[in-house]
Amino acid sequence: MTVSMSCSAASLRRFFAAVLFLGALAIAGAVQAGDMPAAEALFGQARELLSQDRLGEACNKFAESQKLDPSCGTLLNLADCHARQGKTATAWAEFLAAAQLARAQNRRNVEEEATRRAADLEKALSHVTVKVPVGVPGLQVRRTDVLLEAGGIDAKLPVDPGDWTISASAPGYRPWSTKVSVRGDGDSQVVTVPLLEKDASKDEDHPPRVDASHGKPGEQLAATSGARTLGYVFGAGGIALIGVGGAFGVLALNAYKDADAACPLHDGCKQPALDRRSSAERYANVANVCIGVGLLGVGAGAILLFAAPGRRIEPASVAVGANVAHSEMGLSVSGRFR
């Protein structure tokens with residue numbers, strides 16, 4: 001669904017109502033998400049494949065099982081599988097995540113094992129540092145398919161051994177890229193992005209845009225005021241959803257503890273323990289969706305309020321989409337401003 005918006009009060013109400021409706025739809029899908037029988041079956045198949053050294057297939061099965069029914073034990077096995085593949089950075093991050101999840105689920109044995117494995121891998125991690133001495137407007141730097149945010153520039157980041165492509169692009173400039181090979185056993189590579197060259201052909205094809213409203217302060221003030229109103233609406237709705245997500249998160253943690261107390265070994269559990277675990281997963285999914293959508297609203301509100309104070313900021317179009325299936329759901333919000 002695509003909604004074209006102006007900054008009038010009526011259109012603000014209509015758009016925010018659409019966001020809340022789709023958010024509720026996503027939460028309803030999350031409540032039904034999770035397939036414990038399929039997750040258990042995939043886990044068993046992954047263990048069998050692992051015993052046959054079919055690592056690629058085993059890792060994929062573990063990952064799908066974790067997606068359907070998140071568990072610190074499954075995540076621990078997935079990390080071990082990736083470690084056997086030589087994906088040290090991926091496995092290290094998964095061991096740390098398994099330790100955190102085990103701590104939340106009060107699984108001390110899993111937490112200790114995951115923490116120990118992460119510490120062992122950390123000594124052999126390989127790293128890539130991307131430096132940008134001189135930037136240009138709109139610069140985007142990627143490590144293969146991963147967009148590096150500001151915090152990832154000039155930072156020593158762990159990566160799996162192998163070949164990586166470092167690329168840089170910006171509107172009106174010629175793109176640049178280079179390849180770097182990263183070995184294991186603590187190899188560290190540094191890549192410096194040069195100053196991008198201007199693309200003269202782009203300037204000829206796209207002459208500078210002239211703002212027809214320049215010199216009309218009344219129109220600019222009205223547009224800026226409307227954008228700020230939209231920012232407050234997004235921010236307030238986002239904060240409310242984050243609060244709801246936090247409440248469901250507490251319910252999920254309590255349900256996890258009840259399920260682990262009733263069935264500590266996670267094997268041959270009776271129906272009450274399975275029911276509590278299923279409830280915990282539903283609560284966790286609702287919490288994740290609420291907090292995710294809430295953060296989206298807060299971020300959009302912050303951009304509208306602070307990104308360009310004093311300039312004309314007018315939403316040209318906003319697109320909202322939702323996809324809900326039996327075992328997965330998704331919500332997307334995108335926009336273009338001028």
# chains A, B, ... in the order shown; residues from 1 in each chain; ligands from 1
call {"tool": "residues_around", "arguments": {"residues": "Val193 (chain A)", "least_positions_apart": "3", "cutoff": "8 Å", "atoms": "only C-alpha atoms", "output": "NGL selection string"}}
result
:A and (130-133 or 168)
call {"tool": "residues_around", "arguments": {"residues": "region 274-278 of chain A", "least_positions_apart": "2", "cutoff": "8 Å", "atoms": "only C-alpha atoms", "output": "ChimeraX atom specification"}}
result
/A:36,255-256,258-259,269-272,280-282
call {"tool": "closest_residue", "arguments": {"among": "A:Pro171, A:Leu251, A:Gly299, A:Leu68", "to": "Val233 (chain A)", "atoms": "only C-alpha atoms"}}
result
A:Gly299
call {"tool": "closest_atom_pairs", "arguments": {"of": "region 65-120 of chain A", "to": "region 154-163 of chain A", "cutoff": "12 Å", "atoms": "only C-alpha atoms", "output": "tab-separated table"}}
result
residue	atom	partner	partner_atom	distance
A:His82	CA	A:Asp160	CA	10.1
A:Ala83	CA	A:Asp160	CA	10.0
A:Gln85	CA	A:Asp160	CA	10.1
A:Gly86	CA	A:Pro161	CA	7.4
A:Lys87	CA	A:Asp160	CA	4.9
A:Thr88	CA	A:Asp160	CA	5.6
A:Ala89	CA	A:Asp160	CA	5.0
A:Thr90	CA	A:Asp160	CA	6.6
A:Ala91	CA	A:Asp160	CA	9.0
A:Trp92	CA	A:Pro158	CA	9.3
A:Ala93	CA	A:Pro158	CA	9.4
call {"tool": "residues_around", "arguments": {"residues": "Pro37 (chain A)", "least_positions_apart": "6", "cutoff": "10 Å", "atoms": "only C-alpha atoms", "output": "list in words"}}
result
Phe43, Ser65, Leu68 and Asp69 of chain A
